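Source file query.tsv; content: TSV, C-alpha atoms and all ligand atoms.
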chain	number	residue	atom	x	y	z
G	1	MET	CA	-11.36	5.89	23.73
G	2	ASN	CA	-10.96	3.94	20.54
G	3	SER	CA	-7.40	2.99	19.92
G	4	TRP	CA	-5.67	2.89	16.57
G	5	ILE	CA	-4.78	-0.45	14.98
G	6	ASP	CA	-1.39	-0.48	13.28
G	7	ILE	CA	-1.70	-2.11	9.83
G	8	SER	CA	1.90	-1.32	8.82
G	9	GLN	CA	4.76	-3.74	8.29
G	10	ARG	CA	7.68	-3.41	10.63
G	11	LEU	CA	10.77	-1.93	8.97
G	12	ASP	CA	14.00	-3.67	9.82
G	13	GLU	CA	16.66	-5.54	7.87
G	14	LYS	CA	14.33	-8.56	7.65
G	15	ALA	CA	11.80	-6.63	5.52
G	16	ALA	CA	11.25	-8.42	2.21
G	17	VAL	CA	12.10	-6.40	-0.88
G	18	TRP	CA	11.31	-6.79	-4.56
G	19	PRO	CA	13.95	-9.22	-5.98
G	20	GLY	CA	17.11	-7.23	-6.66
G	21	ASP	CA	15.87	-4.06	-4.97
G	22	THR	CA	17.70	-2.16	-2.19
G	23	PRO	CA	17.55	-3.91	1.18
G	24	PHE	CA	16.28	-1.93	4.15
G	25	SER	CA	18.94	-0.67	6.54
G	26	TYR	CA	19.11	1.62	9.52
G	27	ARG	CA	22.58	2.66	10.50
G	28	LEU	CA	23.75	4.73	13.40
G	29	ASN	CA	25.99	7.20	11.64
G	30	TRP	CA	27.03	9.05	14.76
G	31	GLY	CA	26.96	7.36	18.10
G	32	LYS	CA	26.30	9.36	21.24
G	33	ARG	CA	29.76	8.46	22.40
G	34	ASP	CA	31.39	10.03	19.30
G	35	SER	CA	29.17	13.07	18.99
G	36	GLY	CA	29.10	13.74	22.70
G	37	SER	CA	25.36	14.39	22.64
G	38	VAL	CA	23.20	12.41	20.26
G	39	ASN	CA	22.60	9.25	18.24
G	40	VAL	CA	22.01	10.12	14.59
G	41	GLY	CA	20.82	7.44	12.20
G	42	GLN	CA	20.41	7.00	8.51
G	43	ILE	CA	17.97	4.81	6.66
G	44	THR	CA	18.42	3.30	3.23
G	45	MET	CA	15.46	1.67	1.55
G	46	SER	CA	13.47	1.27	-1.62
G	47	VAL	CA	10.27	3.30	-1.41
G	48	HIS	CA	8.38	0.11	-2.41
G	49	THR	CA	9.32	-1.75	0.76
G	50	GLY	CA	6.73	-2.73	3.33
G	51	THR	CA	3.57	-0.67	3.65
G	52	HIS	CA	3.74	2.05	1.02
G	53	ILE	CA	1.90	4.06	-1.57
G	54	ASP	CA	2.73	4.27	-5.27
G	55	ALA	CA	2.81	7.63	-7.03
G	56	PRO	CA	1.90	7.55	-10.74
G	57	PHE	CA	5.54	8.45	-11.56
G	58	HIS	CA	6.38	4.85	-10.50
G	59	PHE	CA	4.97	3.56	-13.80
G	60	ASP	CA	4.57	6.73	-15.89
G	61	ASP	CA	7.38	9.21	-16.59
G	62	GLU	CA	4.81	12.00	-16.84
G	63	GLY	CA	2.92	10.88	-13.74
G	64	LYS	CA	2.59	12.72	-10.43
G	65	ARG	CA	5.33	12.53	-7.82
G	66	VAL	CA	4.56	11.80	-4.18
G	67	ILE	CA	4.46	15.45	-3.09
G	68	GLU	CA	1.78	16.22	-5.67
G	69	LEU	CA	-0.67	13.62	-4.37
G	70	ASP	CA	-3.95	14.67	-2.80
G	71	LEU	CA	-3.76	14.07	0.98
G	72	ASP	CA	-7.54	13.64	1.34
G	73	VAL	CA	-7.24	10.25	-0.28
G	74	TYR	CA	-5.07	8.88	2.54
G	75	ILE	CA	-7.13	9.99	5.55
G	76	GLY	CA	-10.78	9.21	6.21
G	77	ARG	CA	-13.42	6.54	6.25
G	78	ALA	CA	-12.40	3.17	4.76
G	79	ARG	CA	-14.10	-0.19	4.24
G	80	VAL	CA	-12.18	-3.41	5.00
G	81	ILE	CA	-13.31	-6.46	3.02
G	82	HIS	CA	-12.04	-10.04	3.09
G	83	LEU	CA	-11.36	-12.05	-0.07
G	84	PRO	CA	-9.36	-15.01	1.27
G	85	GLY	CA	-8.09	-17.60	-1.18
G	86	THR	CA	-8.93	-15.61	-4.28
G	87	ASP	CA	-6.54	-15.50	-7.23
G	88	ARG	CA	-8.01	-12.31	-8.65
G	89	ILE	CA	-9.84	-9.23	-7.54
G	90	GLY	CA	-12.33	-8.51	-10.26
G	91	LEU	CA	-15.92	-7.58	-10.91
G	92	ASN	CA	-17.32	-10.90	-9.66
G	93	GLU	CA	-15.49	-10.72	-6.36
G	94	LEU	CA	-16.38	-7.07	-5.73
G	95	ASN	CA	-19.97	-7.46	-6.87
G	96	SER	CA	-20.60	-10.28	-4.44
G	97	ILE	CA	-19.60	-8.05	-1.54
G	98	GLY	CA	-21.08	-4.68	-2.48
G	99	ILE	CA	-19.09	-1.49	-2.05
G	100	GLU	CA	-21.61	1.24	-2.81
G	101	GLY	CA	-20.40	4.64	-1.60
G	102	VAL	CA	-17.03	3.35	-0.37
G	103	ASN	CA	-14.22	5.89	-0.93
G	104	ARG	CA	-11.32	3.87	0.46
G	105	LEU	CA	-11.32	0.12	-0.01
G	106	LEU	CA	-8.88	-2.13	1.87
G	107	ILE	CA	-8.73	-5.77	0.84
G	108	TYR	CA	-7.53	-8.72	2.90
G	109	THR	CA	-6.45	-11.63	0.71
G	110	GLY	CA	-4.18	-13.47	3.16
G	111	ALA	CA	-1.97	-14.49	0.23
G	112	TRP	CA	1.31	-13.04	1.54
G	113	ARG	CA	1.78	-15.24	4.58
G	114	ASP	CA	5.44	-14.89	5.53
G	115	ARG	CA	6.26	-11.21	5.12
G	116	SER	CA	9.97	-11.80	5.68
G	117	VAL	CA	10.02	-13.52	2.28
G	118	PHE	CA	8.93	-11.92	-0.98
G	119	PRO	CA	5.94	-13.94	-2.27
G	120	GLU	CA	6.14	-16.07	-5.42
G	121	ASN	CA	2.53	-15.73	-6.46
G	122	ILE	CA	-0.11	-13.21	-5.54
G	123	PRO	CA	-3.68	-12.43	-6.50
G	124	HIS	CA	-3.97	-9.38	-8.74
G	125	VAL	CA	-6.49	-6.68	-9.45
G	126	GLN	CA	-8.22	-7.09	-12.80
G	127	PRO	CA	-7.91	-3.86	-14.77
G	128	GLU	CA	-11.64	-4.06	-15.63
G	129	ALA	CA	-12.39	-3.52	-11.95
G	130	ALA	CA	-11.04	0.05	-12.06
G	131	ALA	CA	-14.06	1.55	-13.83
G	132	TYR	CA	-16.43	-0.28	-11.47
G	133	LEU	CA	-14.52	0.86	-8.39
G	134	SER	CA	-14.49	4.48	-9.49
G	135	GLU	CA	-18.20	4.35	-10.29
G	136	LYS	CA	-18.83	3.23	-6.71
G	137	GLY	CA	-16.77	6.16	-5.39
G	138	VAL	CA	-13.45	4.44	-4.62
G	139	ARG	CA	-10.41	6.76	-4.68
G	140	LEU	CA	-7.98	4.54	-2.78
G	141	ILE	CA	-7.43	0.80	-2.99
G	142	GLY	CA	-5.24	-0.92	-0.41
G	143	LEU	CA	-4.07	-4.53	-0.45
G	144	ASP	CA	-2.09	-6.87	1.81
G	145	LEU	CA	0.18	-7.57	-1.18
G	146	PRO	CA	3.34	-6.06	-2.66
G	147	SER	CA	1.64	-5.17	-5.95
G	148	VAL	CA	-1.81	-4.81	-7.54
G	149	ASP	CA	-0.48	-6.54	-10.69
G	150	PRO	CA	0.99	-10.03	-11.12
G	151	LEU	CA	4.61	-10.04	-9.95
G	152	ASP	CA	5.95	-10.85	-13.43
G	153	SER	CA	3.93	-8.15	-15.18
G	154	LYS	CA	5.95	-5.57	-17.09
G	155	GLU	CA	2.94	-3.67	-18.46
G	156	LEU	CA	1.37	-3.15	-15.03
G	157	PRO	CA	-2.17	-2.86	-16.44
G	158	ALA	CA	-3.91	-2.57	-13.06
G	159	HIS	CA	-1.57	0.20	-11.89
G	160	HIS	CA	-2.24	2.17	-15.09
G	161	ARG	CA	-5.98	1.61	-15.22
G	162	LEU	CA	-6.55	2.39	-11.55
G	163	THR	CA	-4.61	5.63	-11.97
G	164	ARG	CA	-6.56	6.55	-15.09
G	165	TYR	CA	-9.74	6.24	-13.03
G	166	GLY	CA	-8.33	8.40	-10.21
G	167	ILE	CA	-7.77	5.49	-7.82
G	168	HIS	CA	-4.67	5.71	-5.65
G	169	ILE	CA	-2.68	2.61	-4.64
G	170	LEU	CA	-1.67	1.46	-1.15
G	171	GLU	CA	0.34	-1.77	-0.92
G	172	GLY	CA	1.69	-4.06	1.78
G	173	ILE	CA	-0.88	-3.39	4.50
G	174	VAL	CA	-1.38	-5.96	7.27
G	175	LEU	CA	-5.01	-6.94	7.78
G	176	ASP	CA	-4.55	-10.36	9.41
G	177	ASP	CA	-6.36	-9.32	12.59
G	178	VAL	CA	-8.78	-6.78	11.16
G	179	PRO	CA	-12.40	-7.91	10.78
G	180	PRO	CA	-14.39	-6.65	7.79
G	181	GLY	CA	-16.19	-3.37	8.43
G	182	ASP	CA	-15.90	0.39	8.41
G	183	TYR	CA	-12.91	2.19	9.86
G	184	GLU	CA	-11.12	5.50	9.86
G	185	LEU	CA	-7.84	5.25	7.97
G	186	ALA	CA	-4.69	7.35	8.11
G	187	ALA	CA	-1.80	6.39	5.81
G	188	LEU	CA	0.04	9.55	4.88
G	189	PRO	CA	2.98	9.56	2.50
G	190	LEU	CA	6.10	11.53	3.38
G	191	PRO	CA	6.54	14.89	1.63
G	192	LEU	CA	9.05	13.42	-0.81
G	193	ALA	CA	9.45	15.96	-3.59
G	194	GLU	CA	10.64	13.68	-6.36
G	195	ALA	CA	9.77	10.18	-5.29
G	196	ASP	CA	7.77	7.52	-7.14
G	197	GLY	CA	6.43	6.07	-3.89
G	198	SER	CA	6.59	6.49	-0.14
G	199	PRO	CA	6.52	4.34	2.96
G	200	VAL	CA	3.49	5.10	5.14
G	201	ARG	CA	2.45	4.35	8.70
G	202	ALA	CA	-1.02	3.01	8.08
G	203	VAL	CA	-3.50	2.88	10.96
G	204	LEU	CA	-7.19	2.09	11.37
G	205	ARG	CA	-9.75	2.89	14.03
G	206	LYS	CA	-13.19	1.27	14.14
G	207	CYS	CA	-16.04	3.57	13.18
G	208	ARG	CA	-18.80	3.69	15.73
A	301	LIG	N1	5.15	-2.29	-9.19
A	301	LIG	C1	5.62	-2.77	-7.90
A	301	LIG	C2	7.04	-2.50	-7.67
A	301	LIG	C3	7.92	-2.94	-8.76
A	301	LIG	O1	7.49	-3.31	-9.83
A	301	LIG	C4	9.32	-2.94	-8.46
A	301	LIG	C5	9.77	-2.44	-7.26
A	301	LIG	C6	11.10	-2.42	-6.97
A	301	LIG	C7	12.02	-2.92	-7.86
A	301	LIG	C8	11.59	-3.44	-9.07
A	301	LIG	C9	10.24	-3.45	-9.37
A	301	LIG	N2	9.78	-3.95	-10.56
A	301	LIG	C10	10.65	-4.53	-11.46
A	301	LIG	O2	10.25	-5.04	-12.47
A	301	LIG	C11	4.79	-2.13	-6.86
A	301	LIG	O3	3.62	-2.17	-7.08
A	301	LIG	O4	5.27	-1.61	-5.88
A	302	ZN	ZN	4.83	-0.03	-4.85
A	303	ZN	ZN	2.44	-0.90	-7.01
Would you give me this structure, written as structure tokens?
Amino acid sequence: MNSWIDISQRLDEKAAVWPGDTPFSYRLNWGKRDSGSVNVGQITMSVHTGTHIDAPFHFDDEGKRVIELDLDVYIGRARVIHLPGTDRIGLNELNSIGIEGVNRLLIYTGAWRDRSVFPENIPHVQPEAAAYLSEKGVRLIGLDLPSVDPLDSKELPAHHRLTRYGIHILEGIVLDDVPPGDYELAALPLPLAEADGSPVRAVLRKCR
């Protein structure tokens, strides 16, 4: 039996959020003692907290909402690559590794070290990489970072360009202990009808 590797961030009140965004909270609304039978909780969070996917509606008013996203993208064979110490993910970086025929590409950068603190600086995806990625077959890109664009970007060029090329975005994965190679991935969004993003439980299993 091959066991699944959890590559999701833990969700508790220590989870780092985008500056000014809603903190994560889980609250027991009804205690078993009050209800007589059950504990019933409530969560409050930004959908961009921890390990999550972006729907195009996040950066485009006309873009797809989470429920409209193709599920095939989030389950299936994925390649993990390591780009430690890089400040950008562009054609040079991707070319030197080779990603022919890869449909789901997960990138370890190691740049977000302390996940209880929102990072100050992160590597970003160069928009020019989107065409190259799609030509190679990539339909999902996942990073161990809170965004595919620089944190101070308002235009979000990588988000837009990736989406234009049919590449879906997975952010905040944890690849610290995952060697490069081929895996099966499952990282399904919740069936949120209107949302611009969704938390996911992302898991990998080594392909044999
Ligand atoms: N684009 C970011 C999220 C983002 O930009 C954001 C998330 C929550 C609150 C504010 C945000 N951006 C504000 O400029 C992301 O990739 O998830
Ligand atoms: Zn996001
Ligand atoms: Zn994003």
For ligand ZN 303 (chain A), collect every residue having any atom at a distance of at most 10 Å from a ligand atom (counting all atoms listed in the file); output as a PDB file with C-alpha atoms, in the frame of the given file.
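Result went into selection28.pdb, see below:
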ATOM      1  CA  HIS G  48       8.380   0.110  -2.410  1.00  0.00           C
ATOM      2  CA  HIS G  52       3.740   2.050   1.020  1.00  0.00           C
ATOM      3  CA  ILE G  53       1.900   4.060  -1.570  1.00  0.00           C
ATOM      4  CA  ASP G  54       2.730   4.270  -5.270  1.00  0.00           C
ATOM      5  CA  ALA G  55       2.810   7.630  -7.030  1.00  0.00           C
ATOM      6  CA  PRO G  56       1.900   7.550 -10.740  1.00  0.00           C
ATOM      7  CA  HIS G  58       6.380   4.850 -10.500  1.00  0.00           C
ATOM      8  CA  PHE G  59       4.970   3.560 -13.800  1.00  0.00           C
ATOM      9  CA  LEU G 143      -4.070  -4.530  -0.450  1.00  0.00           C
ATOM     10  CA  LEU G 145       0.180  -7.570  -1.180  1.00  0.00           C
ATOM     11  CA  PRO G 146       3.340  -6.060  -2.660  1.00  0.00           C
ATOM     12  CA  SER G 147       1.640  -5.170  -5.950  1.00  0.00           C
ATOM     13  CA  VAL G 148      -1.810  -4.810  -7.540  1.00  0.00           C
ATOM     14  CA  ASP G 149      -0.480  -6.540 -10.690  1.00  0.00           C
ATOM     15  CA  LEU G 151       4.610 -10.040  -9.950  1.00  0.00           C
ATOM     16  CA  LEU G 156       1.370  -3.150 -15.030  1.00  0.00           C
ATOM     17  CA  ALA G 158      -3.910  -2.570 -13.060  1.00  0.00           C
ATOM     18  CA  HIS G 159      -1.570   0.200 -11.890  1.00  0.00           C
ATOM     19  CA  HIS G 160      -2.240   2.170 -15.090  1.00  0.00           C
ATOM     20  CA  HIS G 168      -4.670   5.710  -5.650  1.00  0.00           C
ATOM     21  CA  ILE G 169      -2.680   2.610  -4.640  1.00  0.00           C
ATOM     22  CA  LEU G 170      -1.670   1.460  -1.150  1.00  0.00           C
ATOM     23  CA  GLU G 171       0.340  -1.770  -0.920  1.00  0.00           C
ATOM     24  CA  GLY G 172       1.690  -4.060   1.780  1.00  0.00           C
ATOM     25  CA  ASP G 196       7.770   7.520  -7.140  1.00  0.00           C
ATOM     26  CA  GLY G 197       6.430   6.070  -3.890  1.00  0.00           C
TER      27      GLY G 197
END
message: Quick one: residues within 6 Å of segment 114-125 of chain G, all atoms listed in the file, excluding same-chain residues fewer than 5 positions away - as a PyMOL selection string?
response: chain G and resi 14-16+87-89+148-150
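Checking G:Asp6, G:Asp21, G:Glu194, G:Asp72 one by one against ligand ZN 302 (chain A), counting all atoms listed in the file, you find the shortest gap at G:Asp21.
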- prompt: Need the neighbours of (-11.9, 4.1, 5.1): which residues are at most 8 Å away, counting all atoms listed in the file, as number ranges by chain?
  reply: G: 75-80, 102-106, 182-185
statement: atom CA of Trp18 of chain G to atom CA of Pro127 of chain G measures 22.0 Å
- request: List every protein, DNA or RNA residue with an atom no more than 12 Å from (9.4, -1.8, 11.7) in the file's coordinates, counting all atoms listed in the file, and format the result as a PyMOL selection string.
  value: chain G and resi 6-16+24-26+43+49-51+115-116+199-201
Write out the residues from the selection above, keeping C-alpha atoms, as a tab-separated table (two decimals), in the frame of the given file.
chain	number	residue	atom	x	y	z
G	6	ASP	CA	-1.39	-0.48	13.28
G	7	ILE	CA	-1.70	-2.11	9.83
G	8	SER	CA	1.90	-1.32	8.82
G	9	GLN	CA	4.76	-3.74	8.29
G	10	ARG	CA	7.68	-3.41	10.63
G	11	LEU	CA	10.77	-1.93	8.97
G	12	ASP	CA	14.00	-3.67	9.82
G	13	GLU	CA	16.66	-5.54	7.87
G	14	LYS	CA	14.33	-8.56	7.65
G	15	ALA	CA	11.80	-6.63	5.52
G	16	ALA	CA	11.25	-8.42	2.21
G	24	PHE	CA	16.28	-1.93	4.15
G	25	SER	CA	18.94	-0.67	6.54
G	26	TYR	CA	19.11	1.62	9.52
G	43	ILE	CA	17.97	4.81	6.66
G	49	THR	CA	9.32	-1.75	0.76
G	50	GLY	CA	6.73	-2.73	3.33
G	51	THR	CA	3.57	-0.67	3.65
G	115	ARG	CA	6.26	-11.21	5.12
G	116	SER	CA	9.97	-11.80	5.68
G	199	PRO	CA	6.52	4.34	2.96
G	200	VAL	CA	3.49	5.10	5.14
G	201	ARG	CA	2.45	4.35	8.70
- line: Using all atoms listed in the file, the shortest atom-to-atom distance to Ser46 of chain G among G:Gly31, G:Pro180, G:Pro23, G:Pro84 belongs to G:Pro23
query: Which residue gives the smallest distance to Arg139 of chain G among G:Asp152, G:Leu71, G:Ser37, G:Leu192, with only C-alpha atoms counted?
result: G:Leu71
